[in-house]
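K.L.:
Submitted below is the structure of interest, expressed as structure tokens.
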Amino acid sequence: EQSESLASCAMRCDGVEGEDGTTTTTPSTTPVPKTGARAQASKDDASKDFFRYLFYDTRYHVGFMAQVEVFFVALELVSELNRRITTACKSPTGRHCWPWKLVLPPWCWVPRWYHQDAASGRPWSDLFNLEGLRAMEVQVQDSSSAGDVTVDLAAVLISSSRTPQLKDGHGDFLGFSEDMQACESHGQQVPQRGRSRNSVIYAGYCDKDIAVKRLRCGVLRESSLKGLVDLAEHAGGRSLLLKHLDALGLHAPEGSLATKFHKRLAPAPPLLAAAKKFRDLALGPLPYLGVHLRRNDYRVTHASTTPSAWAAASRINRLLRKRHLEQVFVAGDAEEGFRVDLRSKVKVALYFFSQDDGGDLPELRGQQELIELQLVSEAELGALISRSAAPVPSTNTQFAPGSTAYLARLELSAWRYFIGSAGSAFSAAVRRQRLQLGHPSSTSDEVFCANLTEENSRKRCVFSSY
């Protein structure tokens with residue numbers, strides 16, 4: 001038996017008190033009628049009270065940092081929708097003038113996150129400090145604070161320039177098809193039905209499905225932000241869910257949106273504190289080489305650019321000699337056996353963010369990645385160098401060990417260099433962060449070469465080659 005939907009609320013519906021003292025719930029899609037002074041007040045605060053809501057998610061196999069890149073796409077979409085509203089509407093007199101709010105999907109089953117109770121979902125605030133987003137005038141909220149929702153429309157997205165304009169299309173949005181096979185035939189993954197009627201699986205197999213009134217295949221002329229804007233503006237209703245937004249391929253590790261929004265999404269304060277504690281206790285004040293080595297599934301999907309421990313150590317040792325460094329910090333998902341082999345072959349002290357090396361491991365793998373991101377980016381060394389009274393010498397000049405000039409060069413070496421894994425979203429995030437900290441791109445763009453061996457470890461490869 002299907003229950004009756006009294007409202008399609010993305011937040012708690014407002015209660016209206018009747019003359020008999022009882023409280024009834026008014027659907028969030030219909031503003032409560034107001035008269036007199038209340039009507040005037042409604043005009044003043046309508047922009048605060050009434051929103052449209054954009055939900056989104058990704059396909060299950062998308063990794064943590066890649067999902068962050070998809071978030072940047074959703075953020076730009078809401079920003080553009082609200083910019084258009086600001087231009088077109090002098091006052092929010094109708095639903096078409098209500099601003100959009102972005103609802104963040106919970107973190108449930110994420111690849112390589114091995115923790116208990118994953119399906120219950122974790123909010124973004126467990127990983128990120130969302131304060132930086134408020135300066136953008138884009139309102140965001142975790143889905144956990146939205147309560148039970150019924151989304152007016154869920155759209156699975158494809159691009160097809162050969163599809164003729166449908167009756168409800170506009171601009172680069174060609175229209176909706178009720179036949180979900182139209183999406184499947186273009187390579188899209190059709191959402192699985194949820195456990196309750198009229199619901200679909202949401203955000204990586206969370207325990208809590210999301211109810212939808214309509215599920216459609218949305219056809220864009222091409223994969224573009226403009227096509228998404230045209231779709232959202234003509235979707236109707238108050239809430240829209242973009243299923244499997246990653247499938248359009250609008251996100252990119254080195255893309256303009258990732259570069260634009262990276263600085264807005266800082267790690268949660270406890271994670272920054274954990275990174276600083278580890279650096280202070282394990283690494284100390286001496287500079288170090290930052291390394292990211294992706295393993296796990298990369299041994300199959302990126303086999304040629306995933307080096308053995310011996311090959312990786314050969315390149316690392318060469319960089320250590322060239323940079324005159326005496327310790328290394330390695331981020332990544334390497335198995336214990338690989339870590340032991342790498343540590344034995346690298347000729348200086350090598351550290352992982354592990355309990356054995358003094359790290360306080362957080363509950364979520366994503367939290368650990370954000371801690372490691374701070375450590376390999378070495379955010380504080382740039383400020384340390386700028387405060388140094390001694391001039392920073394050229395790396396080709398020789399100085400006596402222990403001298404002020406020698407130490408200044410060591411600081412510059414750590415500040416300037418990072419080597420990562422080709423094709424990795426995490427390595428791309430490190431490059432973005434270092435670039436925004438003022439590090440030249442040439443000091444952060446190296447990756448481990450394809451088919452790396454001890455014999456060819458002199459070669460320097462950059463990410464743009466892959």
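Starting from 1 in every chain, residues are counted up; chains themselves are A, B, ... following the order of the structure tokens, and ligands are numbered from 1 as listed.
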As a list in words, please: the residues near stretch 174-181 of chain A (cut-off 7 Å, only C-alpha atoms, same-chain neighbours under 4 positions excluded).
P.N.:
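The neighbour list is Gln165, Leu166, Lys167, Asp168, Gly169, His170, Ser185, Val190, Arg216, Cys217, Gly218, Val219, Leu220 and Arg221 of chain A.
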K.L.:
Between atom CA of A:Ala282 and atom CA of A:Asp356, what is the spacing in Å?
P.N.:
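For atom CA of A:Asp356 relative to atom CA of A:Ala282, the distance reads 10.4 Å.
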K.L.:
Excluding stretch 311-323 of chain A and residues on its chain fewer than 4 positions from it, collect all residues at most 6 Å away from it, counting only C-alpha atoms, and give them as a list in words.
P.N.:
Pro307, Lys345, Val346, Ser413, Leu452, Thr453, Glu454 and Ser457 of chain A
K.L.:
Deliver the residues from the most recent selection as a file, using all heavy atoms, as a CSV table (one decimal), in the first residue's frame.
P.N.:
chain,number,residue,atom,x,y,z
A,307,PRO,N,54.8,1.8,-10.0
A,307,PRO,CA,56.1,1.1,-10.0
A,307,PRO,C,56.2,0.1,-8.8
A,307,PRO,O,55.4,0.2,-7.8
A,307,PRO,CB,57.0,2.3,-9.7
A,307,PRO,CG,56.2,3.3,-9.0
A,307,PRO,CD,54.8,3.2,-9.6
A,345,LYS,N,64.5,0.1,1.1
A,345,LYS,CA,65.3,0.4,-0.1
A,345,LYS,C,65.6,1.9,-0.2
A,345,LYS,O,66.5,2.3,-0.9
A,345,LYS,CB,64.6,-0.1,-1.4
A,345,LYS,CG,64.6,-1.6,-1.5
A,345,LYS,CD,63.7,-2.1,-2.7
A,345,LYS,CE,63.8,-3.6,-2.8
A,345,LYS,NZ,63.3,-4.3,-1.6
A,346,VAL,N,64.8,2.7,0.4
A,346,VAL,CA,65.0,4.2,0.4
A,346,VAL,C,66.1,4.4,1.4
A,346,VAL,O,66.1,3.9,2.6
A,346,VAL,CB,63.8,5.0,0.8
A,346,VAL,CG1,64.1,6.5,1.0
A,346,VAL,CG2,62.7,4.9,-0.4
A,413,SER,N,64.1,23.3,-0.8
A,413,SER,CA,64.0,22.0,-1.5
A,413,SER,C,62.7,21.4,-1.1
A,413,SER,O,61.9,20.9,-2.0
A,413,SER,CB,65.2,21.1,-1.2
A,413,SER,OG,66.4,21.7,-1.6
A,452,LEU,N,58.9,2.2,-15.1
A,452,LEU,CA,60.0,2.7,-14.3
A,452,LEU,C,60.9,1.5,-13.8
A,452,LEU,O,60.4,0.5,-13.3
A,452,LEU,CB,59.6,3.5,-13.1
A,452,LEU,CG,60.6,4.1,-12.2
A,452,LEU,CD1,61.5,5.2,-13.0
A,452,LEU,CD2,60.0,4.8,-11.0
A,453,THR,N,62.2,1.6,-14.0
A,453,THR,CA,63.2,0.7,-13.5
A,453,THR,C,64.3,1.4,-12.9
A,453,THR,O,64.4,2.7,-13.0
A,453,THR,CB,63.7,-0.2,-14.6
A,453,THR,OG1,64.5,0.6,-15.6
A,453,THR,CG2,62.6,-0.9,-15.3
A,454,GLU,N,65.3,0.7,-12.2
A,454,GLU,CA,66.4,1.4,-11.7
A,454,GLU,C,67.3,2.0,-12.8
A,454,GLU,O,67.9,3.1,-12.6
A,454,GLU,CB,67.3,0.4,-10.9
A,454,GLU,CG,68.5,1.0,-10.2
A,454,GLU,CD,69.3,-0.1,-9.5
A,454,GLU,OE1,69.1,-1.3,-9.7
A,454,GLU,OE2,70.2,0.3,-8.7
A,457,SER,N,65.7,5.4,-14.1
A,457,SER,CA,65.2,6.2,-13.0
A,457,SER,C,65.7,7.7,-13.1
A,457,SER,O,65.3,8.5,-12.3
A,457,SER,CB,65.5,5.6,-11.6
A,457,SER,OG,66.9,5.5,-11.4
K.L.:
Go through A:Asp333, A:Asp142, A:Glu378, A:Glu363 and flag the residue nearest A:Tyr53, using only C-alpha atoms for the distances.
P.N.:
A:Asp142
K.L.:
As a VMD selection string, list the residues of stretch 203-282 of chain A assigned to alpha helix (DSSP H) by DSSP on the backbone atoms of this structure.
P.N.:
chain A and resid 225 to 233 256 to 261 269 to 278
K.L.:
Using the chain letters and numbers from this document, which residues of stretch 117-297 of chain A does DSSP assign to strand (DSSP E or B), as a ChimeraX atom specification?
P.N.:
/A:122,128-129,140-142,150-159,170,173-177,193,199-200,210-220,239-243,266-267,289-293
K.L.:
Nearest to A:Leu250: which of A:Tyr288, A:Trp107, A:Phe173, A:Phe72 is it, counting only C-alpha atoms?
P.N.:
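The shortest atom-to-atom distance to A:Leu250 comes from A:Phe72.
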K.L.:
Can you tell me, as a short mmCIF file (atom, residue, chain, number, x, y, z; two decimals) with N, CA, C and O atoms, in the first residue's frame, what residues are no more than 8 Å from stretch 241-244 of chain A when counting only C-alpha atoms, ignoring any on the same chain fewer than 2 positions away?
P.N.:
data_model
loop_
_atom_site.label_atom_id
_atom_site.label_comp_id
_atom_site.auth_asym_id
_atom_site.auth_seq_id
_atom_site.Cartn_x
_atom_site.Cartn_y
_atom_site.Cartn_z
N LEU A 54 18.84 21.44 -5.12
CA LEU A 54 19.53 20.59 -6.08
C LEU A 54 20.24 19.47 -5.32
O LEU A 54 21.13 19.73 -4.51
N PHE A 55 19.84 18.24 -5.57
CA PHE A 55 20.49 17.05 -5.06
C PHE A 55 21.33 16.45 -6.20
O PHE A 55 21.02 16.64 -7.38
N TYR A 56 22.35 15.72 -5.84
CA TYR A 56 23.12 14.99 -6.85
C TYR A 56 23.80 13.81 -6.17
O TYR A 56 23.89 13.73 -4.94
N ASP A 57 24.30 12.89 -6.96
CA ASP A 57 25.18 11.84 -6.46
C ASP A 57 26.05 11.34 -7.60
O ASP A 57 25.99 11.86 -8.73
N THR A 58 26.91 10.37 -7.32
CA THR A 58 27.79 9.78 -8.32
C THR A 58 27.57 8.28 -8.37
O THR A 58 26.91 7.71 -7.50
N ARG A 59 28.15 7.65 -9.36
CA ARG A 59 28.10 6.20 -9.42
C ARG A 59 28.99 5.61 -8.33
O ARG A 59 29.89 6.27 -7.82
N VAL A 151 11.89 13.90 -3.68
CA VAL A 151 12.37 14.79 -4.73
C VAL A 151 11.34 14.83 -5.87
O VAL A 151 10.82 13.79 -6.28
N LEU A 153 11.79 15.58 -9.04
CA LEU A 153 12.25 14.99 -10.29
C LEU A 153 13.67 14.48 -10.11
O LEU A 153 14.53 15.19 -9.60
N ALA A 154 13.91 13.24 -10.53
CA ALA A 154 15.25 12.68 -10.60
C ALA A 154 15.60 12.46 -12.06
O ALA A 154 14.83 11.83 -12.80
N ALA A 155 16.75 12.99 -12.47
CA ALA A 155 17.15 12.91 -13.88
C ALA A 155 18.46 12.15 -14.00
O ALA A 155 19.44 12.49 -13.33
N VAL A 156 18.46 11.13 -14.83
CA VAL A 156 19.68 10.44 -15.22
C VAL A 156 20.13 11.08 -16.53
O VAL A 156 19.33 11.27 -17.44
N LEU A 157 21.41 11.43 -16.64
CA LEU A 157 21.86 12.34 -17.69
C LEU A 157 22.67 11.64 -18.76
O LEU A 157 23.54 10.81 -18.47
N GLN A 189 24.38 4.38 -16.38
CA GLN A 189 23.97 3.36 -15.43
C GLN A 189 22.59 3.73 -14.88
O GLN A 189 22.43 4.76 -14.24
N PRO A 191 19.63 3.89 -12.41
CA PRO A 191 19.59 3.76 -10.95
C PRO A 191 18.81 2.52 -10.52
O PRO A 191 17.80 2.15 -11.12
N SER A 239 12.41 20.61 -6.28
CA SER A 239 13.64 19.88 -6.01
C SER A 239 14.00 19.00 -7.20
O SER A 239 13.13 18.44 -7.88
N ASP A 246 28.58 12.32 -12.31
CA ASP A 246 29.94 12.09 -12.80
C ASP A 246 29.97 11.57 -14.23
O ASP A 246 30.97 11.75 -14.95
N ALA A 247 28.89 10.89 -14.66
CA ALA A 247 28.89 10.23 -15.97
C ALA A 247 29.02 11.22 -17.13
O ALA A 247 29.43 10.83 -18.22
#
K.L.:
A:Pro269: which residues within 12 Å, counting only C-alpha atoms, same-chain residues fewer than 6 positions away excluded, as a PyMOL selection string?
P.N.:
chain A and resi 125-131+275-276+367+370-371+374
K.L.:
Find the residue from A:Val229, A:Val376, A:Leu272, A:Ala203 that sits nearest to A:Cys108; use only C-alpha atoms when measuring.
P.N.:
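Of the candidates, the smallest distance to A:Cys108 is held by A:Ala203.
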K.L.:
Could you list, as a VMD selection string, every residue within 9 Å of A:Arg95, counting only C-alpha atoms and ignoring same-chain residues fewer than 5 positions away?
P.N.:
chain A and resid 29 50 to 52 237 to 238
K.L.:
Find the spatial neighbours of stretch 83-85 of chain A, counting only C-alpha atoms, within a cut-off of 10 Å - ignore same-chain residues fewer than 4 positions away - and output them as a ChimeraX atom specification.
P.N.:
/A:77-79,89-92,96-100,229,233
K.L.:
I'd like to know which of A:Arg279, A:Arg112, A:His251, A:His61 is closest to A:Gly332, using only C-alpha atoms.
P.N.:
A:Arg112
K.L.:
Provide the atom CA of A:Ser308 to atom CA of A:Arg294 distance in Å, to one decimal place.
P.N.:
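Separating atom CA of A:Ser308 from atom CA of A:Arg294 is a distance of 11.1 Å.
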